Amino acid sequence: MNVTIRKIGNSDGVIIPKEVLDRLGLKTGDSLELQMENGGIKMKPVDEDLSRQLEAARYSMDKYKVALKKLAE
């Protein structure tokens with residue numbers, strides 16, 4: 001499937017065909033992770049639950065950095 005890079009505001013982007021979105025269960029507003037791989041671009045849906053859990057873990061690790069360091073000794 002070929003798509004064209006288009007001007008979208010001050011950025012450039014591609015339009016993902018509706019059939020592809022439907023097949024993947026994606027909708028407007030969903031987040032995708034982009035990775036450069038083997039000279040191409042790989043996109044995959046972001047797991048929102050995992051993202052929230054990682055954000056909470058980072059916050060806790062930062063907040064309790066000293067205590068966690070002491071426990072690791």
# chains A, B, ... in the order shown; residues from 1 in each chain; ligands from 1
>>> residues_around(residues="Lys27 (chain A)", least_positions_apart="5", cutoff="10 Å", atoms="only C-alpha atoms", output="ChimeraX atom specification")
/A:18,21-22
>>> write_last_selection(atoms="all heavy atoms", output="PDB file, in the first residue's frame")
ATOM      1  N   LYS A  18      -8.594   4.344   6.101  1.00  0.00           N
ATOM      2  CA  LYS A  18      -9.596   3.898   7.071  1.00  0.00           C
ATOM      3  C   LYS A  18      -9.603   2.384   7.220  1.00  0.00           C
ATOM      4  O   LYS A  18      -9.737   1.865   8.329  1.00  0.00           O
ATOM      5  CB  LYS A  18     -10.983   4.399   6.666  1.00  0.00           C
ATOM      6  CG  LYS A  18     -12.067   4.033   7.664  1.00  0.00           C
ATOM      7  CD  LYS A  18     -13.359   4.720   7.345  1.00  0.00           C
ATOM      8  CE  LYS A  18     -14.505   4.355   8.253  1.00  0.00           C
ATOM      9  NZ  LYS A  18     -14.252   3.680   9.479  1.00  0.00           N
ATOM     10  N   LEU A  21      -6.898   1.443   9.642  1.00  0.00           N
ATOM     11  CA  LEU A  21      -7.280   1.813  11.009  1.00  0.00           C
ATOM     12  C   LEU A  21      -8.308   0.843  11.568  1.00  0.00           C
ATOM     13  O   LEU A  21      -8.193   0.389  12.711  1.00  0.00           O
ATOM     14  CB  LEU A  21      -7.807   3.242  11.053  1.00  0.00           C
ATOM     15  CG  LEU A  21      -6.808   4.343  10.709  1.00  0.00           C
ATOM     16  CD1 LEU A  21      -7.507   5.695  10.672  1.00  0.00           C
ATOM     17  CD2 LEU A  21      -5.657   4.359  11.687  1.00  0.00           C
ATOM     18  N   ASP A  22      -9.309   0.524  10.766  1.00  0.00           N
ATOM     19  CA  ASP A  22     -10.357  -0.402  11.206  1.00  0.00           C
ATOM     20  C   ASP A  22      -9.778  -1.774  11.517  1.00  0.00           C
ATOM     21  O   ASP A  22     -10.110  -2.387  12.534  1.00  0.00           O
ATOM     22  CB  ASP A  22     -11.457  -0.529  10.152  1.00  0.00           C
ATOM     23  CG  ASP A  22     -12.309   0.723  10.028  1.00  0.00           C
ATOM     24  OD1 ASP A  22     -12.254   1.584  10.933  1.00  0.00           O
ATOM     25  OD2 ASP A  22     -13.030   0.849   9.013  1.00  0.00           O
TER      26      ASP A  22
END
>>> select_by_dssp(residues="chain A", states="strand (DSSP E)", output="mmCIF file with N, CA, C and O atoms, in the first residue's frame")
data_model
loop_
_atom_site.group_PDB
_atom_site.id
_atom_site.type_symbol
_atom_site.label_atom_id
_atom_site.label_comp_id
_atom_site.auth_asym_id
_atom_site.auth_seq_id
_atom_site.Cartn_x
_atom_site.Cartn_y
_atom_site.Cartn_z
ATOM 1 N N ARG A 6 2.219 14.417 3.005
ATOM 2 C CA ARG A 6 1.481 15.658 2.735
ATOM 3 C C ARG A 6 1.789 16.701 3.790
ATOM 4 O O ARG A 6 2.167 16.386 4.901
ATOM 5 N N LYS A 7 1.577 17.944 3.426
ATOM 6 C CA LYS A 7 1.724 19.061 4.354
ATOM 7 C C LYS A 7 0.489 19.088 5.250
ATOM 8 O O LYS A 7 -0.639 19.071 4.775
ATOM 9 N N ILE A 8 0.718 19.087 6.571
ATOM 10 C CA ILE A 8 -0.374 19.181 7.543
ATOM 11 C C ILE A 8 0.011 20.283 8.513
ATOM 12 O O ILE A 8 0.845 20.077 9.398
ATOM 13 N N SER A 11 3.684 20.860 9.723
ATOM 14 C CA SER A 11 4.359 19.572 9.713
ATOM 15 C C SER A 11 4.067 18.829 8.424
ATOM 16 O O SER A 11 3.293 19.279 7.588
ATOM 17 N N ASP A 12 4.690 17.686 8.287
ATOM 18 C CA ASP A 12 4.399 16.777 7.190
ATOM 19 C C ASP A 12 3.853 15.499 7.789
ATOM 20 O O ASP A 12 4.207 15.123 8.911
ATOM 21 N N GLY A 13 2.998 14.799 7.072
ATOM 22 C CA GLY A 13 2.435 13.566 7.601
ATOM 23 C C GLY A 13 1.872 12.701 6.508
ATOM 24 O O GLY A 13 1.868 13.071 5.331
ATOM 25 N N LEU A 32 0.542 6.344 18.433
ATOM 26 C CA LEU A 32 1.378 5.337 17.792
ATOM 27 C C LEU A 32 2.824 5.567 18.188
ATOM 28 O O LEU A 32 3.264 6.697 18.339
ATOM 29 N N GLU A 33 3.568 4.485 18.339
ATOM 30 C CA GLU A 33 5.000 4.562 18.582
ATOM 31 C C GLU A 33 5.690 4.365 17.238
ATOM 32 O O GLU A 33 5.358 3.453 16.484
ATOM 33 N N LEU A 34 6.622 5.251 16.912
ATOM 34 C CA LEU A 34 7.372 5.153 15.662
ATOM 35 C C LEU A 34 8.778 4.678 15.944
ATOM 36 O O LEU A 34 9.429 5.178 16.858
ATOM 37 N N GLN A 35 9.239 3.706 15.169
ATOM 38 C CA GLN A 35 10.613 3.211 15.294
ATOM 39 C C GLN A 35 11.220 3.144 13.902
ATOM 40 O O GLN A 35 10.546 2.751 12.948
ATOM 41 N N MET A 36 12.490 3.542 13.791
ATOM 42 C CA MET A 36 13.202 3.375 12.533
ATOM 43 C C MET A 36 13.818 1.985 12.561
ATOM 44 O O MET A 36 14.489 1.614 13.518
ATOM 45 N N GLU A 37 13.543 1.205 11.519
ATOM 46 C CA GLU A 37 13.976 -0.188 11.507
ATOM 47 C C GLU A 37 14.313 -0.626 10.089
ATOM 48 O O GLU A 37 13.490 -0.500 9.179
ATOM 49 N N GLY A 40 13.506 1.637 7.296
ATOM 50 C CA GLY A 40 12.104 1.997 7.151
ATOM 51 C C GLY A 40 11.538 2.498 8.462
ATOM 52 O O GLY A 40 12.257 2.700 9.435
ATOM 53 N N ILE A 41 10.239 2.691 8.468
ATOM 54 C CA ILE A 41 9.540 3.166 9.666
ATOM 55 C C ILE A 41 8.544 2.100 10.090
ATOM 56 O O ILE A 41 7.766 1.606 9.269
ATOM 57 N N LYS A 42 8.572 1.766 11.368
ATOM 58 C CA LYS A 42 7.615 0.817 11.940
ATOM 59 C C LYS A 42 6.741 1.591 12.915
ATOM 60 O O LYS A 42 7.246 2.334 13.753
ATOM 61 N N MET A 43 5.436 1.447 12.785
ATOM 62 C CA MET A 43 4.505 2.096 13.694
ATOM 63 C C MET A 43 3.694 1.023 14.405
ATOM 64 O O MET A 43 3.289 0.052 13.785
ATOM 65 N N LYS A 44 3.490 1.228 15.722
ATOM 66 C CA LYS A 44 2.621 0.303 16.447
ATOM 67 C C LYS A 44 1.844 1.084 17.496
ATOM 68 O O LYS A 44 2.318 2.101 18.007
ATOM 69 N N PRO A 45 0.634 0.619 17.822
ATOM 70 C CA PRO A 45 -0.184 1.311 18.812
ATOM 71 C C PRO A 45 0.508 1.336 20.168
ATOM 72 O O PRO A 45 1.199 0.397 20.544
#
>>> select_by_dssp(residues="chain A", states="alpha helix (DSSP H)", output="PyMOL selection string")
chain A and resi 18-24+48-63+65-72
>>> write_last_selection(atoms="N, CA, C and O atoms", output="compact mmCIF listing (two decimals), in the first residue's frame")
# COMPACT_ATOMS: atom_id res chain seq x y z
N LYS A 18 -8.59 4.34 6.10
CA LYS A 18 -9.60 3.90 7.07
C LYS A 18 -9.60 2.38 7.22
O LYS A 18 -9.74 1.86 8.33
N GLU A 19 -9.42 1.65 6.12
CA GLU A 19 -9.42 0.18 6.19
C GLU A 19 -8.32 -0.32 7.12
O GLU A 19 -8.51 -1.27 7.87
N VAL A 20 -7.16 0.33 7.08
CA VAL A 20 -6.03 -0.06 7.93
C VAL A 20 -6.36 0.25 9.39
O VAL A 20 -6.14 -0.58 10.27
N LEU A 21 -6.90 1.44 9.64
CA LEU A 21 -7.28 1.81 11.01
C LEU A 21 -8.31 0.84 11.57
O LEU A 21 -8.19 0.39 12.71
N ASP A 22 -9.31 0.52 10.77
CA ASP A 22 -10.36 -0.40 11.21
C ASP A 22 -9.78 -1.77 11.52
O ASP A 22 -10.11 -2.39 12.53
N ARG A 23 -8.91 -2.26 10.66
CA ARG A 23 -8.32 -3.58 10.85
C ARG A 23 -7.49 -3.65 12.13
O ARG A 23 -7.46 -4.67 12.81
N LEU A 24 -6.83 -2.53 12.47
CA LEU A 24 -6.00 -2.48 13.66
C LEU A 24 -6.76 -2.03 14.92
O LEU A 24 -6.21 -2.00 16.01
N GLU A 48 -1.81 2.25 26.24
CA GLU A 48 -2.05 3.36 27.18
C GLU A 48 -1.94 2.92 28.64
O GLU A 48 -1.44 3.67 29.47
N ASP A 49 -2.41 1.70 28.97
CA ASP A 49 -2.32 1.23 30.35
C ASP A 49 -0.86 1.09 30.76
O ASP A 49 -0.47 1.52 31.85
N LEU A 50 -0.04 0.51 29.89
CA LEU A 50 1.37 0.35 30.19
C LEU A 50 2.04 1.72 30.32
O LEU A 50 2.86 1.93 31.21
N SER A 51 1.68 2.66 29.46
CA SER A 51 2.26 4.01 29.53
C SER A 51 1.96 4.67 30.87
O SER A 51 2.83 5.28 31.47
N ARG A 52 0.73 4.53 31.34
CA ARG A 52 0.36 5.11 32.64
C ARG A 52 1.12 4.42 33.78
O ARG A 52 1.58 5.07 34.72
N GLN A 53 1.27 3.11 33.69
CA GLN A 53 1.99 2.38 34.73
C GLN A 53 3.46 2.78 34.75
O GLN A 53 4.03 2.97 35.84
N LEU A 54 4.07 2.93 33.58
CA LEU A 54 5.48 3.33 33.53
C LEU A 54 5.66 4.75 34.07
O LEU A 54 6.63 5.03 34.76
N GLU A 55 4.72 5.62 33.75
CA GLU A 55 4.79 6.99 34.25
C GLU A 55 4.70 7.00 35.78
O GLU A 55 5.46 7.70 36.45
N ALA A 56 3.80 6.20 36.35
CA ALA A 56 3.66 6.11 37.80
C ALA A 56 4.93 5.53 38.43
O ALA A 56 5.39 6.01 39.47
N ALA A 57 5.52 4.53 37.77
CA ALA A 57 6.75 3.93 38.30
C ALA A 57 7.90 4.93 38.28
O ALA A 57 8.66 5.04 39.25
N ARG A 58 8.03 5.69 37.18
CA ARG A 58 9.09 6.70 37.11
C ARG A 58 8.92 7.76 38.19
O ARG A 58 9.88 8.17 38.83
N TYR A 59 7.68 8.20 38.41
CA TYR A 59 7.40 9.19 39.43
C TYR A 59 7.80 8.65 40.81
O TYR A 59 8.48 9.34 41.58
N SER A 60 7.40 7.41 41.11
CA SER A 60 7.71 6.81 42.41
C SER A 60 9.20 6.63 42.59
O SER A 60 9.74 6.88 43.68
N MET A 61 9.89 6.17 41.54
CA MET A 61 11.34 5.97 41.64
C MET A 61 12.06 7.29 41.88
O MET A 61 13.01 7.36 42.64
N ASP A 62 11.57 8.35 41.24
CA ASP A 62 12.19 9.67 41.44
C ASP A 62 11.90 10.19 42.84
O ASP A 62 12.80 10.69 43.52
N LYS A 63 10.66 10.02 43.29
CA LYS A 63 10.27 10.53 44.60
C LYS A 63 11.01 9.80 45.73
O LYS A 63 11.40 10.41 46.72
N LYS A 65 13.91 8.06 45.47
CA LYS A 65 15.24 7.73 44.95
C LYS A 65 16.22 7.38 46.08
O LYS A 65 16.93 6.38 46.01
N VAL A 66 16.24 8.18 47.13
CA VAL A 66 17.18 7.97 48.23
C VAL A 66 16.87 6.65 48.94
O VAL A 66 17.77 5.83 49.19
N ALA A 67 15.61 6.42 49.25
CA ALA A 67 15.21 5.19 49.94
C ALA A 67 15.52 3.95 49.09
O ALA A 67 16.03 2.95 49.60
N LEU A 68 15.25 4.03 47.80
CA LEU A 68 15.51 2.89 46.91
C LEU A 68 17.02 2.62 46.80
O LEU A 68 17.45 1.47 46.76
N LYS A 69 17.81 3.69 46.80
CA LYS A 69 19.26 3.53 46.74
C LYS A 69 19.77 2.82 48.00
O LYS A 69 20.61 1.92 47.94
N LYS A 70 19.23 3.22 49.15
CA LYS A 70 19.63 2.60 50.43
C LYS A 70 19.22 1.12 50.45
O LYS A 70 19.99 0.27 50.91
N LEU A 71 18.03 0.82 49.95
CA LEU A 71 17.58 -0.57 49.92
C LEU A 71 18.43 -1.43 49.00
O LEU A 71 18.59 -2.63 49.24
N ALA A 72 18.97 -0.83 47.95
CA ALA A 72 19.77 -1.58 46.99
C ALA A 72 21.15 -1.94 47.53
O ALA A 72 21.82 -2.80 46.98
>>> atom_distance(atom1="CA of Val3 (chain A)", atom2="CA of Ile15 (chain A)")
7.0 Å
>>> atom_distance(atom1="CA of Leu26 (chain A)", atom2="CA of Asp47 (chain A)")
11.7 Å
>>> decode(residues="region 2-18 of chain A", atoms="N, CA and C atoms", output="PDB file, in the first residue's frame")
ATOM      1  N   ASN A   2       0.664   2.143  -0.875  1.00  0.00           N
ATOM      2  CA  ASN A   2       1.445   3.378  -0.961  1.00  0.00           C
ATOM      3  C   ASN A   2       0.633   4.549  -0.431  1.00  0.00           C
ATOM      4  N   VAL A   3       1.301   5.432   0.298  1.00  0.00           N
ATOM      5  CA  VAL A   3       0.690   6.675   0.757  1.00  0.00           C
ATOM      6  C   VAL A   3       1.645   7.807   0.405  1.00  0.00           C
ATOM      7  N   THR A   4       1.140   9.020   0.384  1.00  0.00           N
ATOM      8  CA  THR A   4       1.935  10.187   0.033  1.00  0.00           C
ATOM      9  C   THR A   4       2.156  11.061   1.257  1.00  0.00           C
ATOM     10  N   ILE A   5       3.368  11.584   1.389  1.00  0.00           N
ATOM     11  CA  ILE A   5       3.654  12.533   2.473  1.00  0.00           C
ATOM     12  C   ILE A   5       3.008  13.857   2.092  1.00  0.00           C
ATOM     13  N   ARG A   6       2.219  14.417   3.005  1.00  0.00           N
ATOM     14  CA  ARG A   6       1.481  15.658   2.735  1.00  0.00           C
ATOM     15  C   ARG A   6       1.789  16.701   3.790  1.00  0.00           C
ATOM     16  N   LYS A   7       1.577  17.944   3.426  1.00  0.00           N
ATOM     17  CA  LYS A   7       1.724  19.061   4.354  1.00  0.00           C
ATOM     18  C   LYS A   7       0.489  19.088   5.250  1.00  0.00           C
ATOM     19  N   ILE A   8       0.718  19.087   6.571  1.00  0.00           N
ATOM     20  CA  ILE A   8      -0.374  19.181   7.543  1.00  0.00           C
ATOM     21  C   ILE A   8       0.011  20.283   8.513  1.00  0.00           C
ATOM     22  N   GLY A   9      -0.539  21.471   8.339  1.00  0.00           N
ATOM     23  CA  GLY A   9      -0.146  22.624   9.150  1.00  0.00           C
ATOM     24  C   GLY A   9       1.313  22.941   8.900  1.00  0.00           C
ATOM     25  N   ASN A  10       2.108  23.030   9.962  1.00  0.00           N
ATOM     26  CA  ASN A  10       3.539  23.297   9.824  1.00  0.00           C
ATOM     27  C   ASN A  10       4.357  22.007   9.752  1.00  0.00           C
ATOM     28  N   SER A  11       3.684  20.860   9.723  1.00  0.00           N
ATOM     29  CA  SER A  11       4.359  19.572   9.713  1.00  0.00           C
ATOM     30  C   SER A  11       4.067  18.829   8.424  1.00  0.00           C
ATOM     31  N   ASP A  12       4.690  17.686   8.287  1.00  0.00           N
ATOM     32  CA  ASP A  12       4.399  16.777   7.190  1.00  0.00           C
ATOM     33  C   ASP A  12       3.853  15.499   7.789  1.00  0.00           C
ATOM     34  N   GLY A  13       2.998  14.799   7.072  1.00  0.00           N
ATOM     35  CA  GLY A  13       2.435  13.566   7.601  1.00  0.00           C
ATOM     36  C   GLY A  13       1.872  12.701   6.508  1.00  0.00           C
ATOM     37  N   VAL A  14       1.412  11.536   6.893  1.00  0.00           N
ATOM     38  CA  VAL A  14       0.752  10.630   5.967  1.00  0.00           C
ATOM     39  C   VAL A  14      -0.649  10.350   6.487  1.00  0.00           C
ATOM     40  N   ILE A  15      -1.550  10.096   5.581  1.00  0.00           N
ATOM     41  CA  ILE A  15      -2.920   9.741   5.925  1.00  0.00           C
ATOM     42  C   ILE A  15      -2.989   8.215   5.933  1.00  0.00           C
ATOM     43  N   ILE A  16      -3.404   7.644   7.050  1.00  0.00           N
ATOM     44  CA  ILE A  16      -3.545   6.194   7.142  1.00  0.00           C
ATOM     45  C   ILE A  16      -4.958   5.844   6.678  1.00  0.00           C
ATOM     46  N   PRO A  17      -5.068   4.995   5.670  1.00  0.00           N
ATOM     47  CA  PRO A  17      -6.393   4.646   5.141  1.00  0.00           C
ATOM     48  C   PRO A  17      -7.308   4.046   6.214  1.00  0.00           C
ATOM     49  N   LYS A  18      -8.594   4.344   6.101  1.00  0.00           N
ATOM     50  CA  LYS A  18      -9.596   3.898   7.071  1.00  0.00           C
ATOM     51  C   LYS A  18      -9.603   2.384   7.220  1.00  0.00           C
TER      52      LYS A  18
END
